[in-house]
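Q: Handing over entry.txt, compact mmCIF, C-alpha atoms (C1' of nucleotides).
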```
# COMPACT_ATOMS: atom_id res chain seq x y z
CA MET A 1 38.16 7.68 4.69
CA SER A 2 37.70 5.79 7.89
CA GLU A 3 39.40 2.45 8.23
CA ALA A 4 36.20 0.70 9.21
CA TYR A 5 34.58 1.45 5.90
CA LYS A 6 37.08 -0.85 4.25
CA ARG A 7 35.94 -3.92 6.06
CA ALA A 8 33.89 -6.43 4.17
CA LYS A 9 30.19 -5.90 4.74
CA ALA A 10 28.83 -8.78 6.71
CA PRO A 11 25.43 -7.77 7.98
CA GLN A 12 24.42 -11.17 9.25
CA ALA A 13 27.62 -11.59 11.21
CA VAL A 14 27.22 -8.13 12.68
CA ARG A 15 23.69 -8.88 13.84
CA ARG A 16 24.98 -12.03 15.47
CA ARG A 17 27.78 -10.18 17.19
CA LEU A 18 25.36 -7.53 18.40
CA MET A 19 23.12 -10.14 20.00
CA ASP A 20 26.00 -12.01 21.57
CA ALA A 21 27.61 -8.84 22.84
CA ALA A 22 24.37 -7.71 24.45
CA LYS A 23 23.95 -11.03 26.21
CA ARG A 24 27.51 -11.04 27.41
CA LEU A 25 27.28 -7.49 28.69
CA ALA A 26 24.07 -8.30 30.54
CA VAL A 27 25.63 -11.29 32.24
CA GLU A 28 28.76 -9.40 33.17
CA GLY A 29 27.35 -6.07 34.22
CA GLY A 30 23.62 -6.44 34.69
CA LEU A 31 21.04 -5.07 32.35
CA SER A 32 22.15 -1.52 32.94
CA ALA A 33 25.27 -2.49 31.04
CA ILE A 34 23.24 -2.88 27.88
CA THR A 35 23.57 0.51 26.25
CA VAL A 36 23.46 1.09 22.54
CA HIS A 37 26.99 2.40 22.56
CA ALA A 38 28.39 -0.41 24.69
CA VAL A 39 26.74 -3.15 22.68
CA ALA A 40 27.68 -1.60 19.37
CA SER A 41 31.27 -1.09 20.28
CA ALA A 42 31.58 -4.55 21.83
CA ALA A 43 30.37 -5.86 18.51
CA GLY A 44 32.94 -3.79 16.65
CA VAL A 45 30.50 -1.34 15.17
CA THR A 46 29.23 2.17 15.94
CA LYS A 47 25.85 3.28 17.21
CA GLY A 48 24.91 4.05 13.66
CA GLY A 49 25.69 0.50 12.69
CA PHE A 50 23.65 -0.87 15.57
CA LEU A 51 20.64 1.25 14.74
CA HIS A 52 20.83 0.34 11.11
CA HIS A 53 20.20 -3.29 11.94
CA TYR A 54 17.79 -2.75 14.79
CA PRO A 55 15.52 0.27 14.77
CA SER A 56 15.85 0.63 18.51
CA LYS A 57 17.56 -0.87 21.49
CA GLN A 58 14.30 -2.51 22.49
CA ALA A 59 14.15 -4.17 19.08
CA LEU A 60 17.45 -5.90 19.74
CA ILE A 61 16.31 -7.02 23.15
CA ASP A 62 13.11 -8.40 21.71
CA ALA A 63 15.05 -10.20 19.01
CA ILE A 64 17.36 -11.77 21.57
CA PHE A 65 14.40 -12.83 23.65
CA GLU A 66 12.62 -14.44 20.75
CA GLU A 67 15.74 -16.26 19.70
CA VAL A 68 16.39 -17.60 23.17
CA LEU A 69 12.83 -18.80 23.51
CA GLU A 70 13.18 -20.65 20.23
CA GLN A 71 16.47 -22.19 21.27
CA LEU A 72 14.96 -23.23 24.55
CA ALA A 73 11.96 -24.79 22.87
CA SER A 74 14.20 -26.66 20.50
CA GLU A 75 16.44 -27.96 23.27
CA ILE A 76 13.40 -29.05 25.21
CA GLU A 77 11.95 -30.77 22.19
CA HIS A 78 15.17 -32.62 21.54
CA ARG A 79 15.30 -33.92 25.08
CA ALA A 80 11.62 -34.67 25.26
CA SER A 81 11.67 -36.76 22.12
CA ASN A 82 13.40 -39.58 23.97
CA ASP A 83 11.00 -39.50 26.88
CA ARG A 84 8.14 -41.96 26.77
CA ALA A 85 6.67 -41.31 30.20
CA ALA A 86 3.18 -39.91 30.50
CA ARG A 87 3.92 -37.22 33.02
CA GLY A 88 6.44 -34.45 33.47
CA VAL A 89 8.05 -34.66 30.07
CA PHE A 90 8.60 -30.93 29.82
CA THR A 91 9.80 -30.53 33.36
CA ARG A 92 12.34 -33.31 33.05
CA ALA A 93 13.72 -31.74 29.90
CA TYR A 94 13.81 -28.42 31.74
CA ILE A 95 15.79 -30.01 34.53
CA ASP A 96 18.16 -31.71 32.13
CA LEU A 97 18.73 -28.47 30.34
CA ALA A 98 19.66 -26.69 33.54
CA PHE A 99 21.98 -29.40 34.77
CA GLY A 100 23.45 -30.45 31.47
CA GLY A 101 26.71 -28.69 32.11
CA ASP A 102 28.18 -29.45 28.72
CA ALA A 103 27.22 -26.05 27.36
CA PRO A 104 28.26 -23.09 29.53
CA ALA A 105 27.06 -20.80 26.77
CA THR A 106 23.56 -22.02 27.45
CA ASP A 107 23.85 -20.94 31.05
CA GLU A 108 24.89 -17.46 30.04
CA THR A 109 22.03 -17.31 27.65
CA TRP A 110 19.54 -18.22 30.33
CA ILE A 111 20.91 -15.73 32.75
CA ALA A 112 20.74 -13.03 30.15
CA LEU A 113 17.18 -14.03 29.47
CA SER A 114 16.21 -13.75 33.10
CA LEU A 115 17.92 -10.41 33.50
CA LEU A 116 16.14 -9.03 30.49
CA MET A 117 12.78 -10.15 31.78
CA LEU A 118 13.19 -8.70 35.19
CA ASP A 119 12.95 -5.12 34.06
CA ASP A 120 10.48 -5.56 31.25
CA HIS A 121 6.88 -6.37 31.89
CA ALA A 122 6.14 -7.28 28.28
CA LEU A 123 8.94 -9.85 28.24
CA ARG A 124 7.71 -11.34 31.48
CA LEU A 125 4.34 -11.82 29.88
CA LYS A 126 5.93 -13.43 26.85
CA TRP A 127 7.77 -15.80 29.12
CA THR A 128 4.74 -16.88 31.10
CA ASN A 129 2.83 -17.39 27.89
CA TRP A 130 5.65 -19.42 26.42
CA LEU A 131 5.79 -21.55 29.53
CA SER A 132 2.10 -22.23 29.62
CA ASP A 133 2.13 -23.06 25.91
CA GLN A 134 4.95 -25.52 26.48
CA LEU A 135 3.14 -27.13 29.37
CA ALA A 136 0.09 -27.53 27.19
CA LEU A 137 2.15 -28.90 24.33
CA TYR A 138 3.64 -31.62 26.50
CA ARG A 139 0.38 -32.20 28.31
CA GLU A 140 1.66 -31.31 31.72
CA ASP A 141 -0.73 -30.40 34.46
CA PRO A 142 0.14 -26.81 35.43
CA ALA A 143 -1.11 -27.56 38.93
CA ASP A 144 1.05 -30.63 39.48
CA ILE A 145 2.79 -29.72 42.72
CA GLU A 146 5.79 -31.97 42.31
CA LEU A 147 6.52 -30.62 38.86
CA ASN A 148 6.09 -27.07 40.01
CA ILE A 149 8.50 -27.60 42.87
CA ALA A 150 11.04 -29.05 40.50
CA ARG A 151 10.77 -26.16 38.07
CA PHE A 152 10.90 -23.59 40.83
CA ALA A 153 14.00 -25.27 42.19
CA ILE A 154 15.63 -25.04 38.79
CA ASP A 155 14.85 -21.34 38.58
CA GLY A 156 16.28 -20.83 42.03
CA ALA A 157 19.37 -22.76 41.07
CA TRP A 158 19.95 -20.46 38.09
CA LEU A 159 19.78 -17.52 40.36
CA ALA A 160 22.21 -19.08 42.78
CA GLN A 161 24.57 -19.70 39.94
CA TYR A 162 24.30 -16.11 38.77
CA PHE A 163 25.04 -15.06 42.32
CA GLY A 164 28.18 -17.07 42.22
CA VAL A 165 27.08 -19.64 44.77
CA PRO A 166 28.44 -23.05 43.89
CA ILE A 167 25.76 -25.72 43.89
CA PRO A 168 26.97 -28.75 45.79
CA GLU A 169 26.36 -32.17 44.33
CA ARG A 170 24.74 -31.08 41.14
CA ASN A 171 24.49 -34.60 39.81
CA LYS A 172 22.74 -35.86 42.88
CA MET A 173 20.32 -32.96 42.82
CA HIS A 174 19.67 -33.59 39.16
CA GLU A 175 18.91 -37.20 39.94
CA ILE A 176 16.57 -36.47 42.85
CA LEU A 177 14.58 -33.85 41.00
CA THR A 178 14.22 -36.11 38.00
CA LYS A 179 13.11 -39.05 40.06
CA ARG A 180 10.35 -37.00 41.66
CA THR A 181 8.91 -36.06 38.33
CA LEU A 182 8.49 -39.74 37.62
CA SER A 183 7.15 -41.22 40.83
CA ALA A 184 3.66 -40.31 42.00
CA GLY A 185 0.99 -38.52 40.01
CA MET B 1 7.83 31.01 50.22
CA SER B 2 7.11 27.53 49.09
CA GLU B 3 4.32 25.65 50.73
CA ALA B 4 6.50 22.68 51.57
CA TYR B 5 8.70 24.74 53.79
CA LYS B 6 5.77 25.16 56.15
CA ARG B 7 5.42 21.51 56.90
CA ALA B 8 6.71 20.26 60.17
CA LYS B 9 10.20 18.85 59.85
CA ALA B 10 10.05 15.14 60.32
CA PRO B 11 13.36 13.75 59.16
CA GLN B 12 12.81 10.25 60.44
CA ALA B 13 9.44 9.97 58.76
CA VAL B 14 10.91 11.28 55.53
CA ARG B 15 13.67 8.70 55.56
CA ARG B 16 11.07 6.03 56.09
CA ARG B 17 8.96 7.30 53.25
CA LEU B 18 11.99 7.44 50.98
CA MET B 19 12.80 3.81 51.66
CA ASP B 20 9.25 2.65 51.22
CA ALA B 21 8.79 4.68 48.07
CA ALA B 22 11.93 3.22 46.54
CA LYS B 23 10.81 -0.30 47.29
CA ARG B 24 7.36 0.30 45.91
CA LEU B 25 8.73 1.88 42.75
CA ALA B 26 11.07 -1.04 42.23
CA VAL B 27 8.28 -3.56 42.57
CA GLU B 28 5.98 -1.64 40.27
CA GLY B 29 8.36 -0.53 37.58
CA GLY B 30 11.56 -2.50 37.91
CA LEU B 31 14.79 -1.13 39.19
CA SER B 32 15.01 1.40 36.39
CA ALA B 33 12.07 3.09 38.08
CA ILE B 34 14.25 3.99 41.03
CA THR B 35 15.48 7.45 40.13
CA VAL B 36 16.35 10.09 42.66
CA HIS B 37 13.61 12.34 41.40
CA ALA B 38 10.94 9.61 41.30
CA VAL B 39 11.73 8.35 44.76
CA ALA B 40 11.93 11.80 46.27
CA SER B 41 8.71 12.98 44.77
CA ALA B 42 6.91 9.75 45.67
CA ALA B 43 8.00 10.44 49.22
CA GLY B 44 6.69 13.98 49.03
CA VAL B 45 10.06 15.66 48.95
CA THR B 46 12.44 17.10 46.37
CA LYS B 47 15.76 15.79 45.14
CA GLY B 48 17.44 18.16 47.54
CA GLY B 49 15.52 16.59 50.38
CA PHE B 50 16.47 13.12 49.26
CA LEU B 51 20.14 13.96 48.98
CA HIS B 52 20.17 15.65 52.33
CA HIS B 53 19.25 12.39 54.03
CA TYR B 54 21.23 10.08 51.79
CA PRO B 55 24.44 11.29 50.21
CA SER B 56 23.72 9.35 47.06
CA LYS B 57 21.16 7.12 45.47
CA GLN B 58 23.38 4.14 46.15
CA ALA B 59 23.40 5.04 49.84
CA LEU B 60 19.61 4.73 49.97
CA ILE B 61 19.73 1.42 48.17
CA ASP B 62 22.36 0.13 50.56
CA ALA B 63 20.29 1.30 53.51
CA ILE B 64 17.23 -0.48 52.19
CA PHE B 65 19.22 -3.61 51.64
CA GLU B 66 20.67 -3.60 55.12
CA GLU B 67 17.27 -3.02 56.64
CA VAL B 68 15.67 -5.83 54.71
CA LEU B 69 18.43 -8.23 55.68
CA GLU B 70 17.88 -7.33 59.31
CA GLN B 71 14.12 -7.76 59.02
CA LEU B 72 14.65 -11.08 57.34
CA ALA B 73 17.03 -12.25 60.02
CA SER B 74 14.61 -11.22 62.71
CA GLU B 75 11.67 -12.97 61.06
CA ILE B 76 13.76 -16.06 60.66
CA GLU B 77 14.88 -15.92 64.25
CA HIS B 78 11.32 -15.57 65.46
CA ARG B 79 10.20 -18.61 63.54
CA ALA B 80 13.27 -20.63 64.36
CA SER B 81 12.88 -20.11 68.08
CA ASN B 82 9.96 -22.53 68.17
CA ASP B 83 11.77 -25.17 66.19
CA ARG B 84 13.47 -27.88 68.20
CA ALA B 85 14.56 -30.12 65.35
CA ALA B 86 18.24 -30.65 64.73
CA ARG B 87 18.22 -30.13 61.01
CA GLY B 88 16.90 -27.54 58.58
CA VAL B 89 15.83 -24.94 61.12
CA PHE B 90 16.79 -22.03 58.91
CA THR B 91 15.34 -23.49 55.76
CA ARG B 92 12.00 -24.25 57.40
CA ALA B 93 11.79 -20.69 58.64
CA TYR B 94 12.71 -19.51 55.15
CA ILE B 95 9.90 -21.59 53.72
CA ASP B 96 7.43 -20.36 56.31
CA LEU B 97 8.39 -16.81 55.58
CA ALA B 98 7.76 -17.22 51.89
CA PHE B 99 4.43 -18.96 52.28
CA GLY B 100 3.14 -17.07 55.27
CA GLY B 101 0.70 -15.07 53.22
CA ASP B 102 -0.47 -12.88 56.07
CA ALA B 103 1.96 -10.11 55.18
CA PRO B 104 1.81 -9.03 51.54
CA ALA B 105 4.18 -6.20 52.43
CA THR B 106 6.81 -8.81 53.14
CA ASP B 107 6.44 -10.18 49.65
CA GLU B 108 6.96 -6.75 48.14
CA THR B 109 9.97 -6.25 50.28
CA TRP B 110 11.53 -9.48 49.12
CA ILE B 111 10.86 -8.75 45.52
CA ALA B 112 12.41 -5.33 45.87
CA LEU B 113 15.39 -6.97 47.51
CA SER B 114 15.85 -9.39 44.65
CA LEU B 115 15.50 -6.69 42.04
CA LEU B 116 18.09 -4.57 43.75
CA MET B 117 20.54 -7.42 43.93
CA LEU B 118 20.22 -8.41 40.34
CA ASP B 119 21.94 -5.32 39.03
CA ASP B 120 24.45 -4.82 41.79
CA HIS B 121 27.34 -7.12 42.29
CA ALA B 122 28.20 -5.80 45.74
CA LEU B 123 24.69 -6.49 46.98
CA ARG B 124 24.79 -9.99 45.58
CA LEU B 125 27.90 -10.59 47.57
CA LYS B 126 26.28 -9.23 50.70
CA TRP B 127 23.36 -11.56 50.17
CA THR B 128 25.46 -14.67 49.73
CA ASN B 129 27.48 -13.76 52.78
CA TRP B 130 24.32 -13.17 54.78
CA LEU B 131 22.95 -16.50 53.70
CA SER B 132 26.06 -18.43 54.56
CA ASP B 133 26.24 -16.68 57.93
CA GLN B 134 22.66 -17.64 58.64
CA LEU B 135 23.29 -21.24 57.66
CA ALA B 136 26.24 -21.32 60.01
CA LEU B 137 24.25 -19.69 62.78
CA TYR B 138 21.55 -22.34 62.59
CA ARG B 139 24.06 -25.08 62.00
CA GLU B 140 22.72 -26.10 58.65
CA ASP B 141 24.85 -28.11 56.31
CA PRO B 142 25.30 -25.92 53.21
CA ALA B 143 25.66 -29.07 51.15
CA ASP B 144 22.43 -30.69 52.35
CA ILE B 145 20.75 -31.43 49.05
CA GLU B 146 17.22 -31.58 50.33
CA LEU B 147 17.53 -28.23 52.06
CA ASN B 148 19.11 -26.68 49.01
CA ILE B 149 16.30 -27.90 46.82
CA ALA B 150 13.76 -26.44 49.19
CA ARG B 151 15.45 -23.05 49.30
CA PHE B 152 15.91 -22.97 45.56
CA ALA B 153 12.24 -23.79 45.14
CA ILE B 154 11.32 -20.90 47.38
CA ASP B 155 13.46 -18.54 45.34
CA GLY B 156 11.88 -19.78 42.16
CA ALA B 157 8.44 -19.35 43.67
CA TRP B 158 9.19 -15.70 44.46
CA LEU B 159 10.16 -15.15 40.89
CA ALA B 160 7.00 -16.80 39.66
CA GLN B 161 5.00 -14.57 41.91
CA TYR B 162 6.79 -11.50 40.63
CA PHE B 163 6.02 -12.69 37.13
CA GLY B 164 2.39 -12.82 38.01
CA VAL B 165 2.07 -16.58 37.77
CA PRO B 166 -0.36 -17.88 40.37
CA ILE B 167 1.09 -20.70 42.42
CA PRO B 168 -1.45 -23.50 42.69
CA GLU B 169 -1.97 -25.17 46.03
CA ARG B 170 0.38 -23.04 48.04
CA ASN B 171 -0.52 -24.72 51.28
CA LYS B 172 0.15 -28.16 49.95
CA MET B 173 3.47 -27.05 48.53
CA HIS B 174 4.36 -25.46 51.83
CA GLU B 175 3.57 -28.70 53.57
CA ILE B 176 5.55 -30.89 51.21
CA LEU B 177 8.64 -28.71 51.29
CA THR B 178 8.53 -28.54 55.06
CA LYS B 179 8.13 -32.26 55.45
CA ARG B 180 11.20 -32.90 53.34
CA THR B 181 13.36 -30.73 55.52
CA LEU B 182 12.43 -32.98 58.41
CA SER B 183 12.65 -36.51 57.06
CA ALA B 184 16.02 -37.86 56.04
CA GLY B 185 19.38 -36.34 56.82
C1' DT C 1 30.62 -9.15 -19.51
C1' DA C 2 31.41 -4.35 -18.35
C1' DG C 3 29.69 -0.87 -15.96
C1' DA C 4 26.10 2.16 -14.47
C1' DA C 5 22.77 2.73 -10.92
C1' DG C 6 20.55 1.86 -6.89
C1' DA C 7 20.29 -0.22 -2.49
C1' DA C 8 22.35 -1.85 1.66
C1' DA C 9 25.81 -1.36 5.23
C1' DC C 10 28.00 1.20 7.64
C1' DC C 11 30.27 5.86 10.17
C1' DA C 12 30.49 10.56 12.42
C1' DA C 13 28.35 14.41 14.21
C1' DC C 14 24.64 16.20 16.32
C1' DC C 15 20.23 16.71 19.44
C1' DG C 16 16.89 16.48 23.23
C1' DT C 17 16.16 14.56 27.44
C1' DA C 18 16.80 12.34 31.81
C1' DT C 19 19.77 11.51 35.38
C1' DG C 20 22.86 11.85 39.53
C1' DG C 21 24.81 15.25 41.94
C1' DT C 22 26.26 20.22 43.63
C1' DA C 23 25.73 24.88 45.27
C1' DT C 24 23.13 27.95 47.46
C1' DG C 25 19.25 29.59 49.45
C1' DT C 26 15.14 29.45 52.91
C1' DT C 27 12.53 27.80 56.86
C1' DA C 28 11.88 25.35 61.19
C1' DC C 29 13.62 23.54 65.38
C1' DA C 30 16.71 23.05 69.59
C1' DT D 1 21.46 31.81 67.28
C1' DG D 2 23.26 28.00 65.26
C1' DT D 3 22.13 23.79 63.03
C1' DA D 4 19.29 20.49 60.79
C1' DA D 5 15.77 19.99 57.30
C1' DC D 6 14.39 21.03 53.54
C1' DA D 7 13.72 23.67 48.44
C1' DT D 8 15.45 25.73 44.02
C1' DA D 9 18.46 26.38 40.42
C1' DC D 10 22.07 24.73 38.12
C1' DC D 11 25.71 21.47 35.96
C1' DA D 12 28.00 17.67 33.57
C1' DT D 13 27.30 13.43 31.70
C1' DA D 14 25.27 9.58 29.45
C1' DC D 15 21.81 7.91 26.95
C1' DG D 16 18.59 6.74 22.90
C1' DG D 17 17.84 8.25 18.67
C1' DT D 18 18.23 11.26 14.12
C1' DT D 19 20.55 13.10 10.16
C1' DG D 20 23.39 13.07 6.50
C1' DG D 21 27.09 11.41 4.65
C1' DT D 22 30.64 7.50 2.56
C1' DT D 23 31.70 3.00 1.05
C1' DT D 24 30.61 -1.59 -0.54
C1' DC D 25 27.60 -4.86 -2.54
C1' DT D 26 24.03 -6.28 -5.92
C1' DT D 27 21.51 -6.12 -9.88
C1' DC D 28 20.07 -4.83 -14.20
C1' DT D 29 21.08 -3.61 -18.74
C1' DA D 30 23.67 -2.89 -23.26
```
Is it possible to express this structure as structure tokens?
A:
Amino acid sequence: MSEAYKRAKAPQAVRRRLMDAAKRLAVEGGLSAITVHAVASAAGVTKGGFLHHYPSKQALIDAIFEEVLEQLASEIEHRASNDRAARGVFTRAYIDLAFGGDAPATDETWIALSLLMLDDHALRLKWTNWLSDQLALYREDPADIELNIARFAIDGAWLAQYFGVPIPERNKMHEILTKRTLSAG
Amino acid sequence: MSEAYKRAKAPQAVRRRLMDAAKRLAVEGGLSAITVHAVASAAGVTKGGFLHHYPSKQALIDAIFEEVLEQLASEIEHRASNDRAARGVFTRAYIDLAFGGDAPATDETWIALSLLMLDDHALRLKWTNWLSDQLALYREDPADIELNIARFAIDGAWLAQYFGVPIPERNKMHEILTKRTLSAG
DNA sequence: TAGAAGAAACCAACCGTATGGTATGTTACA
DNA sequence: TGTAACATACCATACGGTTGGTTTCTTCTA
């Protein structure tokens, strides 16, 4: 009898570990590092265990993506709830989220998200739909140039971070970008 | 005797086609679409042909990367040569390059570049080194917040484009970003 | 409340396929 | 006539997924 059989069954914890392991592997080694074997074994389980919980590798990826989108929406909502301005509510929350350095785990999650999207057309579509839904929800004008610049800058800043480039004067940048979402219309 | 043997030998043209095919495949199908077989056959040659010109798949990727960096540097240089301002010369050229919509091939090339980098740590390093060299060459302050914001925004805009999101009012955005590289210091 | 019975949670071994790369051959060019 | 430019056949490996088992949990009944 294999030793692993003796462990307590904890399906929910295993699913969590599988998701986290996949994200971590993606951040550390790019999306090509996400193999069924690697993820499974990083989560302390075999391929069989992996494929019991998720019918395919793609299913896990989709699950991660959905979860991250939900987390993102919830973080945005939390930040937006204290914002009484008429314009740029979503974008400001987006900026805050990117610069709010209190949660490094969040950064990893975002990077993993981006990596996943970049090789998967369906996920890219989900992302753009999510974004446009959010913009609609917070009544942002998708054509507002200033807001678009700010959001693009945030995306670029993620990339820079993933590339290992230190961003100088984060706080100041945070402040400037935020201010511009408030000024003109 | 196979038909292909009868073609005129044109090694230089084949190498060119291999590079272009790899870039196109990356843009269309993500980096996982770059397989030796796919690239070779898209270039009208077999795996053997591919591996005669490049000792490995990675060698082709490296060659593409080097070439793109050189092209980029040359485009930047061309644009910078007409710029007499003291600040932000590189960044303005970078912005121009991204928004100069006359060359859609350039866009594809950049996207391919980004895709390649995202799964290859060594290439990411090469990119950051290239960037910091360029900043030094044009005497840009790497900590200049306004310039950093502009460059980040450009990177984010590429991504958006790759994601298929139309960027509203490109010209206006181009103008605004450029203006900000000129104003304060 | 015991325990039987079924379902859920795993593991280990196997399979087909795709991939990067090698070895060896064939044709064209210099 | 040698060398560069290809093609063809082959190889080892890694991958996603399947199959069939073994163990633990849950639930239903007497």
Q: Can you pull out every residue within 9 Å of DA9 (chain C), counting only C-alpha atoms (C1' of nucleotides), but drop anything in the same chain fewer than 4 positions away, and send it as a ChimeraX atom specification?
A: /A:9-11,49,52-53 /D:23-25
Q: Please, what distance in Å, to one decimal, runs between CA of Ser183 (chain B) and CA of Thr128 (chain B)?
A: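 We find that CA of Ser183 (chain B) and CA of Thr128 (chain B) lie 26.4 Å from each other.
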Q: Could you state the separation of CA of Ala43 (chain B) and CA of Arg17 (chain B) in Å, given to one decimal place?
A: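 Going from CA of Ala43 (chain B) over to CA of Arg17 (chain B), I get 5.2 Å.
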Q: Name all residues at most 8 Å from Asp62 (chain A) (count all atoms listed in the file; drop same-chain ones fewer than 4 positions away) and give them as a PyMOL selection string.
A: chain A and resi 58+66+123
Q: Can you pull out the residues contacting DG2 (chain D)? Cut-off 12 Å, using all atoms listed in the file, and skip same-chain residues under 2 positions away; I want them as a ChimeraX atom specification.
A: /C:29-30 /D:4
Q: Include C-alpha atoms (C1' of nucleotides) and write out the residues we just selected as an mmCIF file, in the frame of the given file.
A:
```
data_model
loop_
_atom_site.group_PDB
_atom_site.id
_atom_site.type_symbol
_atom_site.label_atom_id
_atom_site.label_comp_id
_atom_site.auth_asym_id
_atom_site.auth_seq_id
_atom_site.Cartn_x
_atom_site.Cartn_y
_atom_site.Cartn_z
ATOM 1 C "C1'" DC C 29 13.620 23.540 65.380
ATOM 2 C "C1'" DA C 30 16.710 23.050 69.590
ATOM 3 C "C1'" DA D 4 19.290 20.490 60.790
#
```
Q: Find the residues of chain C in contact range of chain B, meaning any atom within 10 Å when counting all atoms listed in the file, and list them as a VMD selection string.
A: chain C and resid 18 to 22 26 to 29
Q: Generate a file of the selected residues that holds C-alpha atoms (C1' of nucleotides), formatted as a short mmCIF file (atom, residue, chain, number, x, y, z; two decimals), in the frame of the given file.
A:
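Saved result, again_32.cif, follows:
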```
data_model
loop_
_atom_site.label_atom_id
_atom_site.label_comp_id
_atom_site.auth_asym_id
_atom_site.auth_seq_id
_atom_site.Cartn_x
_atom_site.Cartn_y
_atom_site.Cartn_z
"C1'" DA C 18 16.80 12.34 31.81
"C1'" DT C 19 19.77 11.51 35.38
"C1'" DG C 20 22.86 11.85 39.53
"C1'" DG C 21 24.81 15.25 41.94
"C1'" DT C 22 26.26 20.22 43.63
"C1'" DT C 26 15.14 29.45 52.91
"C1'" DT C 27 12.53 27.80 56.86
"C1'" DA C 28 11.88 25.35 61.19
"C1'" DC C 29 13.62 23.54 65.38
#
```
Q: With only C-alpha atoms (C1' of nucleotides) considered, list every residue of chain D at most 8 Å from chain B, as JSON, numbers by chain.
A: {"D": [5, 6, 7]}
